[in-house]
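Student: My structure file query15.cif, mmCIF, C-alpha atoms, is below:
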data_entry
#
loop_
_atom_site.label_atom_id
_atom_site.label_comp_id
_atom_site.auth_asym_id
_atom_site.auth_seq_id
_atom_site.Cartn_x
_atom_site.Cartn_y
_atom_site.Cartn_z
CA ASP A 1 -4.57 -8.06 -19.51
CA ALA A 2 -1.20 -7.15 -18.02
CA GLY A 3 -1.11 -5.99 -14.45
CA VAL A 4 1.25 -3.40 -13.01
CA THR A 5 4.86 -4.10 -13.93
CA GLN A 6 8.00 -2.67 -12.36
CA SER A 7 11.67 -2.81 -13.23
CA PRO A 8 14.19 -3.70 -12.13
CA THR A 9 13.25 -6.33 -9.56
CA HIS A 10 16.32 -5.77 -7.43
CA LEU A 11 18.96 -3.07 -7.36
CA ILE A 12 22.10 -2.48 -5.32
CA LYS A 13 23.61 0.99 -5.14
CA THR A 14 26.12 2.80 -2.97
CA ARG A 15 25.60 5.94 -0.94
CA GLY A 16 25.53 9.12 -2.99
CA GLN A 17 24.50 7.41 -6.21
CA GLN A 18 21.33 8.05 -8.14
CA VAL A 19 18.69 5.51 -9.13
CA THR A 20 15.74 5.35 -11.54
CA LEU A 21 12.88 2.92 -11.06
CA ARG A 22 10.24 2.26 -13.68
CA CYS A 23 6.56 1.37 -13.60
CA SER A 24 3.97 0.48 -16.22
CA PRO A 25 0.39 0.76 -14.98
CA LYS A 26 -2.38 -1.73 -15.44
CA SER A 27 -4.03 -1.50 -18.84
CA GLY A 28 -6.61 1.29 -18.85
CA HIS A 29 -5.24 3.03 -15.74
CA ASP A 30 -3.98 6.60 -15.96
CA THR A 31 -2.91 7.36 -12.38
CA VAL A 32 0.31 6.14 -10.80
CA SER A 33 1.32 6.38 -7.16
CA TRP A 34 4.69 5.51 -5.67
CA TYR A 35 5.24 4.11 -2.21
CA GLN A 36 8.27 3.25 -0.07
CA GLN A 37 7.94 0.21 2.16
CA ALA A 38 10.63 -0.35 4.77
CA LEU A 39 10.99 -3.82 6.23
CA GLY A 40 8.16 -4.59 8.63
CA GLN A 41 6.32 -1.34 7.90
CA GLY A 42 3.36 -0.26 5.86
CA PRO A 43 3.82 1.46 2.51
CA GLN A 44 4.54 5.21 2.78
CA PHE A 45 3.08 7.46 0.09
CA ILE A 46 5.77 9.26 -1.92
CA PHE A 47 3.70 10.98 -4.63
CA GLN A 48 0.99 10.48 -7.24
CA TYR A 49 1.07 11.32 -10.93
CA TYR A 50 -1.87 12.05 -13.18
CA GLU A 51 -1.84 13.64 -16.63
CA GLU A 52 1.96 13.82 -16.44
CA GLU A 53 1.82 16.08 -13.39
CA GLU A 54 2.63 15.41 -9.74
CA ARG A 55 -0.79 15.70 -8.11
CA GLN A 56 0.10 15.16 -4.47
CA ARG A 57 3.27 14.51 -2.52
CA GLY A 58 3.97 12.81 0.78
CA ASN A 59 6.62 13.70 3.34
CA PHE A 60 9.65 12.90 1.23
CA PRO A 61 12.58 15.20 0.43
CA ASP A 62 13.24 16.71 -2.97
CA ARG A 63 15.80 13.98 -3.61
CA PHE A 64 12.75 11.95 -4.62
CA SER A 65 11.36 13.02 -7.95
CA GLY A 66 9.22 11.46 -10.59
CA HIS A 67 7.86 11.64 -14.06
CA GLN A 68 4.86 10.32 -15.94
CA PHE A 69 4.95 9.76 -19.67
CA PRO A 70 2.12 10.18 -22.21
CA ASN A 71 1.56 6.40 -22.18
CA TYR A 72 0.95 6.69 -18.38
CA SER A 73 4.11 4.83 -17.43
CA SER A 74 6.15 6.43 -14.69
CA GLU A 75 9.64 6.75 -13.27
CA LEU A 76 10.82 7.36 -9.73
CA ASN A 77 14.22 8.98 -9.36
CA VAL A 78 16.16 9.16 -6.13
CA ASN A 79 19.32 11.26 -5.95
CA ALA A 80 22.13 11.25 -3.39
CA LEU A 81 21.13 7.88 -2.00
CA LEU A 82 21.29 7.32 1.74
CA LEU A 83 21.47 4.03 3.62
CA GLY A 84 17.95 4.76 4.88
CA ASP A 85 16.62 4.70 1.34
CA SER A 86 16.96 0.92 1.33
CA ALA A 87 13.42 -0.38 0.97
CA LEU A 88 10.86 -1.96 -1.32
CA TYR A 89 9.56 0.64 -3.76
CA LEU A 90 6.02 -0.05 -4.88
CA CYS A 91 4.13 1.42 -7.76
CA ALA A 92 0.33 1.38 -7.72
CA SER A 93 -1.99 2.29 -10.55
CA SER A 94 -5.62 3.33 -10.48
CA LEU A 95 -8.27 5.03 -12.57
CA VAL A 96 -8.17 8.79 -12.14
CA ALA A 97 -9.43 9.47 -8.63
CA GLY A 98 -7.34 8.92 -5.53
CA THR A 99 -10.14 6.96 -3.92
CA ASP A 100 -10.23 4.25 -6.57
CA THR A 101 -8.90 0.76 -6.14
CA GLN A 102 -5.13 0.68 -6.34
CA TYR A 103 -3.35 -2.22 -8.01
CA PHE A 104 0.20 -2.70 -6.83
CA GLY A 105 3.15 -3.92 -8.84
CA PRO A 106 5.64 -6.48 -7.51
CA GLY A 107 8.00 -3.73 -6.37
CA THR A 108 11.69 -2.96 -6.74
CA ARG A 109 13.92 -3.97 -3.84
CA LEU A 110 16.58 -1.25 -3.47
CA THR A 111 19.61 -1.87 -1.29
CA VAL A 112 21.96 1.03 -0.55
CA LEU A 113 25.39 0.05 0.73
CA GLY B 1 -0.01 14.76 10.80
CA GLN B 2 -2.60 12.19 9.99
CA GLN B 3 -1.91 8.74 11.39
CA VAL B 4 -3.48 5.35 10.94
CA MET B 5 -2.78 2.96 13.81
CA GLN B 6 -3.29 -0.76 13.52
CA ILE B 7 -3.40 -3.39 16.25
CA PRO B 8 -2.25 -5.94 17.04
CA GLN B 9 1.17 -5.91 15.40
CA TYR B 10 1.29 -9.70 15.33
CA GLN B 11 -1.25 -12.49 15.90
CA HIS B 12 -0.58 -16.20 16.18
CA VAL B 13 -3.64 -18.44 15.82
CA GLN B 14 -4.36 -22.11 15.51
CA GLU B 15 -5.97 -23.08 12.23
CA GLY B 16 -9.73 -22.82 12.65
CA GLU B 17 -9.59 -19.98 15.18
CA ASP B 18 -10.94 -16.54 14.42
CA PHE B 19 -8.78 -13.44 13.86
CA THR B 20 -9.49 -9.72 14.09
CA THR B 21 -7.35 -6.69 13.29
CA TYR B 22 -8.32 -3.14 14.19
CA CYS B 23 -7.53 0.13 12.52
CA ASN B 24 -7.88 3.63 14.03
CA SER B 25 -7.34 6.98 12.36
CA SER B 26 -6.54 10.28 14.04
CA THR B 27 -8.82 12.03 11.55
CA THR B 28 -12.08 11.27 9.77
CA LEU B 29 -11.60 9.19 6.64
CA SER B 30 -13.44 9.52 3.35
CA ASN B 31 -12.86 5.82 2.75
CA ILE B 32 -10.83 2.91 4.04
CA GLN B 33 -9.23 0.09 2.11
CA TRP B 34 -7.86 -3.24 3.22
CA TYR B 35 -4.94 -5.03 1.61
CA LYS B 36 -3.22 -8.36 2.13
CA GLN B 37 0.49 -8.85 1.57
CA ARG B 38 1.94 -12.33 1.53
CA PRO B 39 5.55 -12.76 2.68
CA GLY B 40 7.82 -11.58 -0.12
CA GLY B 41 4.88 -10.26 -2.09
CA HIS B 42 3.13 -6.98 -2.72
CA PRO B 43 -0.11 -5.56 -1.28
CA VAL B 44 -3.24 -6.98 -2.90
CA PHE B 45 -6.47 -5.03 -2.66
CA LEU B 46 -9.22 -6.75 -0.68
CA ILE B 47 -12.01 -4.21 -0.29
CA GLN B 48 -12.96 -0.55 0.08
CA LEU B 49 -15.51 0.84 2.54
CA VAL B 50 -16.99 4.29 2.05
CA LYS B 51 -20.18 4.66 4.09
CA SER B 52 -20.42 5.26 7.83
CA GLY B 53 -21.25 1.99 9.62
CA GLU B 54 -20.74 -0.04 6.46
CA VAL B 55 -20.26 -3.81 6.78
CA LYS B 56 -19.10 -5.98 3.89
CA LYS B 57 -18.42 -9.69 3.73
CA GLN B 58 -16.19 -11.75 1.47
CA LYS B 59 -16.62 -15.42 2.29
CA ARG B 60 -14.91 -15.80 5.71
CA LEU B 61 -13.81 -12.14 5.86
CA THR B 62 -15.98 -9.42 7.42
CA PHE B 63 -15.03 -5.76 7.12
CA GLN B 64 -16.54 -2.92 9.16
CA PHE B 65 -16.25 0.86 8.93
CA GLY B 66 -17.06 2.76 12.10
CA GLU B 67 -19.94 5.18 12.50
CA ALA B 68 -17.53 8.10 12.91
CA LYS B 69 -15.47 6.91 9.93
CA LYS B 70 -12.33 6.90 12.08
CA ASN B 71 -12.00 3.19 12.73
CA SER B 72 -12.36 -0.11 10.95
CA SER B 73 -11.91 -3.81 11.53
CA LEU B 74 -11.27 -6.98 9.58
CA HIS B 75 -12.48 -10.26 11.03
CA ILE B 76 -11.58 -13.66 9.62
CA THR B 77 -13.69 -16.62 10.68
CA ALA B 78 -12.09 -20.05 10.97
CA THR B 79 -8.64 -19.14 9.73
CA GLN B 80 -6.83 -21.31 7.21
CA THR B 81 -3.12 -21.57 6.44
CA THR B 82 -3.78 -19.67 3.22
CA ASP B 83 -4.74 -16.63 5.34
CA VAL B 84 -1.10 -16.16 6.40
CA GLY B 85 0.27 -12.72 5.58
CA THR B 86 0.15 -9.11 6.68
CA TYR B 87 -3.14 -7.23 6.58
CA PHE B 88 -2.99 -3.49 6.06
CA CYS B 89 -5.68 -0.88 6.38
CA ALA B 90 -5.25 2.31 4.38
CA GLY B 91 -7.31 5.48 4.39
CA ASN B 92 -7.90 8.66 2.45
CA THR B 93 -9.07 11.95 3.90
CA GLY B 94 -10.41 13.35 0.64
CA GLY B 95 -7.15 14.05 -1.16
CA PHE B 96 -5.06 11.73 -3.26
CA LYS B 97 -2.72 10.60 -0.48
CA THR B 98 -3.38 7.15 0.95
CA ILE B 99 -2.14 6.55 4.49
CA PHE B 100 -1.32 2.96 5.40
CA GLY B 101 -1.27 1.42 8.85
CA ALA B 102 1.77 -0.57 9.92
CA GLY B 103 -0.12 -3.82 9.36
CA THR B 104 -1.02 -6.88 11.39
CA ARG B 105 0.99 -9.96 10.61
CA LEU B 106 -1.04 -13.16 10.88
CA PHE B 107 0.58 -16.50 11.59
CA VAL B 108 -1.59 -19.62 11.30
CA LYS B 109 -0.47 -22.90 12.81
CA ALA B 110 -1.84 -26.04 11.19
#
For this file, write the structure as structure tokens.
Tutor:
Amino acid sequence: DAGVTQSPTHLIKTRGQQVTLRCSPKSGHDTVSWYQQALGQGPQFIFQYYEEEERQRGNFPDRFSGHQFPNYSSELNVNALLLGDSALYLCASSLVAGTDTQYFGPGTRLTVL
Amino acid sequence: GQQVMQIPQYQHVQEGEDFTTYCNSSTTLSNIQWYKQRPGGHPVFLIQLVKSGEVKKQKRLTFQFGEAKKNSSLHITATQTTDVGTYFCAGNTGGFKTIFGAGTRLFVKA
């Protein structure tokens, strides 16, 4: 039973570029949430996807967008990268409700130069 | 906006000593979760508490949810070097957004 997988593991971009991060949820899970974790901080909720729709969004600008595919996998897109976007991006999957146990993937470490 | 505060930020203990981290929310929570993140790793779910005044135990770990559902604690008895990491509390207020505390980083000296 595969857990949550994310790709790529590491990524280096320059300011102004765009990036796409990918997540495959744990088998049987249909809800995917994305988080940004800056060094030494707790994860910050970006948004959650369910049934291919964004169900709730945190306090992140429109430069952050996402998508969920019919197989429940998800992408996080960030446009016009800023230095402050450097962080660990975590994907978490769960079953339907927002109060269910979340299983986190290993994350993608994004560095913006 | 809703905030979840966690103290202390860091804790150094000698192996065998006890450890407690506290979590306080500015608003009433529908549930609270605890996660552990090892250095270089990702958050791993430990437990979820839902009921007011709930207490749950997992071996040496004891989790409590306050009567007002605005605070919680995690207590580790007789710490071991394997307990090293950052412990996060995270809460929901009924929606789908989970708010994480900043975490308490535990250092255990053998």
Student: Under the PyMOL selection byres ((chain A) within 10 of (chain B)), which residues of this model are included? Write them out as a VMD selection string.
Tutor: chain A and resid 33 35 37 40 to 49 55 to 58 88 90 to 92 96 to 107
Student: What would the file look like if the residues just selected were written as a compact mmCIF listing (two decimals), keeping the file's coordinate frame with C-alpha atoms?
Tutor:
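Wrote again_27.txt, looks like this:
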# COMPACT_ATOMS: atom_id res chain seq x y z
CA SER A 33 1.32 6.38 -7.16
CA TYR A 35 5.24 4.11 -2.21
CA GLN A 37 7.94 0.21 2.16
CA GLY A 40 8.16 -4.59 8.63
CA GLN A 41 6.32 -1.34 7.90
CA GLY A 42 3.36 -0.26 5.86
CA PRO A 43 3.82 1.46 2.51
CA GLN A 44 4.54 5.21 2.78
CA PHE A 45 3.08 7.46 0.09
CA ILE A 46 5.77 9.26 -1.92
CA PHE A 47 3.70 10.98 -4.63
CA GLN A 48 0.99 10.48 -7.24
CA TYR A 49 1.07 11.32 -10.93
CA ARG A 55 -0.79 15.70 -8.11
CA GLN A 56 0.10 15.16 -4.47
CA ARG A 57 3.27 14.51 -2.52
CA GLY A 58 3.97 12.81 0.78
CA LEU A 88 10.86 -1.96 -1.32
CA LEU A 90 6.02 -0.05 -4.88
CA CYS A 91 4.13 1.42 -7.76
CA ALA A 92 0.33 1.38 -7.72
CA VAL A 96 -8.17 8.79 -12.14
CA ALA A 97 -9.43 9.47 -8.63
CA GLY A 98 -7.34 8.92 -5.53
CA THR A 99 -10.14 6.96 -3.92
CA ASP A 100 -10.23 4.25 -6.57
CA THR A 101 -8.90 0.76 -6.14
CA GLN A 102 -5.13 0.68 -6.34
CA TYR A 103 -3.35 -2.22 -8.01
CA PHE A 104 0.20 -2.70 -6.83
CA GLY A 105 3.15 -3.92 -8.84
CA PRO A 106 5.64 -6.48 -7.51
CA GLY A 107 8.00 -3.73 -6.37
Student: Using 6 Å of padding on each side, determine the axis-aligned box around all atoms of stretch 4-8 of chain B present in the file and give its centre and edge lengths in Å to one decimal, as AutoDock Vina command-line options.
Tutor:
--center_x -2.9 --center_y -0.3 --center_z 14.0 --size_x 13.2 --size_y 23.3 --size_z 18.1
Student: List the residues matched by the PyMOL selection byres ((chain B and resi 20) around 6) in the displayed structure as a PyMOL selection string, ordered by chain and then by residue number.
Tutor: chain B and resi 19+21+74-75
Student: If you measure from atom CA of B:Arg38 to atom CA of A:His10, what distance in Å do you get, rounded to one decimal?
Tutor: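 Distance reported for this atom pair: 18.2 Å.
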Student: Suppose a student applies the PyMOL selection byres ((chain B and resi 16) around 6) to this structure; what residues should they get, written as a PDB file with C-alpha atoms, keeping the file's coordinate frame?
Tutor:
ATOM      1  CA  GLU B  15      -5.970 -23.080  12.230  1.00  0.00           C
ATOM      2  CA  GLU B  17      -9.590 -19.980  15.180  1.00  0.00           C
ATOM      3  CA  ALA B  78     -12.090 -20.050  10.970  1.00  0.00           C
ATOM      4  CA  THR B  79      -8.640 -19.140   9.730  1.00  0.00           C
TER       5      THR B  79
END
Student: Can you measure atom CA of A:Ser73 to atom CA of A:Pro8 for me? One decimal in Å is fine.
Tutor: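 Calculated distance between atom CA of A:Ser73 and atom CA of A:Pro8 is 14.2 Å.
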Student: Can you measure atom CA of B:Lys70 to atom CA of B:Glu54 for me? One decimal in Å is fine.
Tutor: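 Answer for the atom CA of B:Lys70 to atom CA of B:Glu54 separation: 12.3 Å.
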Student: Starting from the point (-6.2, 10.2, 15.5), work out which residues of protein, DNA or RNA have an atom no more than 7 Å away when counting all atoms listed in the file; state them as a PDB file with C-alpha atoms, in the coordinates of the input.
Tutor:
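Dumped everything to selection_27.pdb:
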ATOM      1  CA  GLN B   2      -2.600  12.190   9.990  1.00  0.00           C
ATOM      2  CA  GLN B   3      -1.910   8.740  11.390  1.00  0.00           C
ATOM      3  CA  ASN B  24      -7.880   3.630  14.030  1.00  0.00           C
ATOM      4  CA  SER B  25      -7.340   6.980  12.360  1.00  0.00           C
ATOM      5  CA  SER B  26      -6.540  10.280  14.040  1.00  0.00           C
ATOM      6  CA  THR B  27      -8.820  12.030  11.550  1.00  0.00           C
TER       7      THR B  27
END
Student: Nearest to A:Gln6: which of A:Thr31, A:Ser65, A:Ser93, A:Gln18 is it, counting only C-alpha atoms?
Tutor: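 Between A:Thr31, A:Ser65, A:Ser93, A:Gln18, the residue approaching A:Gln6 most closely is A:Ser93.
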Student: Counting all atoms listed in the file, figure out which residue out of B:Val4, B:Lys36, B:Ala68, B:Thr28 gets nearest to B:Leu106.
Tutor: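 Going through B:Val4, B:Lys36, B:Ala68, B:Thr28 one by one, the smallest distance to B:Leu106 is for B:Lys36.
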Student: Counting only C-alpha atoms, figure out which residue out of A:Gly84, A:Arg63, A:Phe69, A:Glu52 gets nearest to A:Cys23.
Tutor: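 Distance minimum relative to A:Cys23 lands on A:Phe69.
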Student: Between A:Gln17, A:Arg109, A:Glu51, A:Ile12, which is the closest to A:Asn71 once you count all atoms listed in the file?
Tutor: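 Going through A:Gln17, A:Arg109, A:Glu51, A:Ile12 one by one, the smallest distance to A:Asn71 is for A:Glu51.
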Student: Using only C-alpha atoms, which residue out of A:Pro61, A:Glu53, A:Ala38, A:Gly3 lies closest to A:Asn77?
Tutor: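 Distance minimum relative to A:Asn77 lands on A:Pro61.
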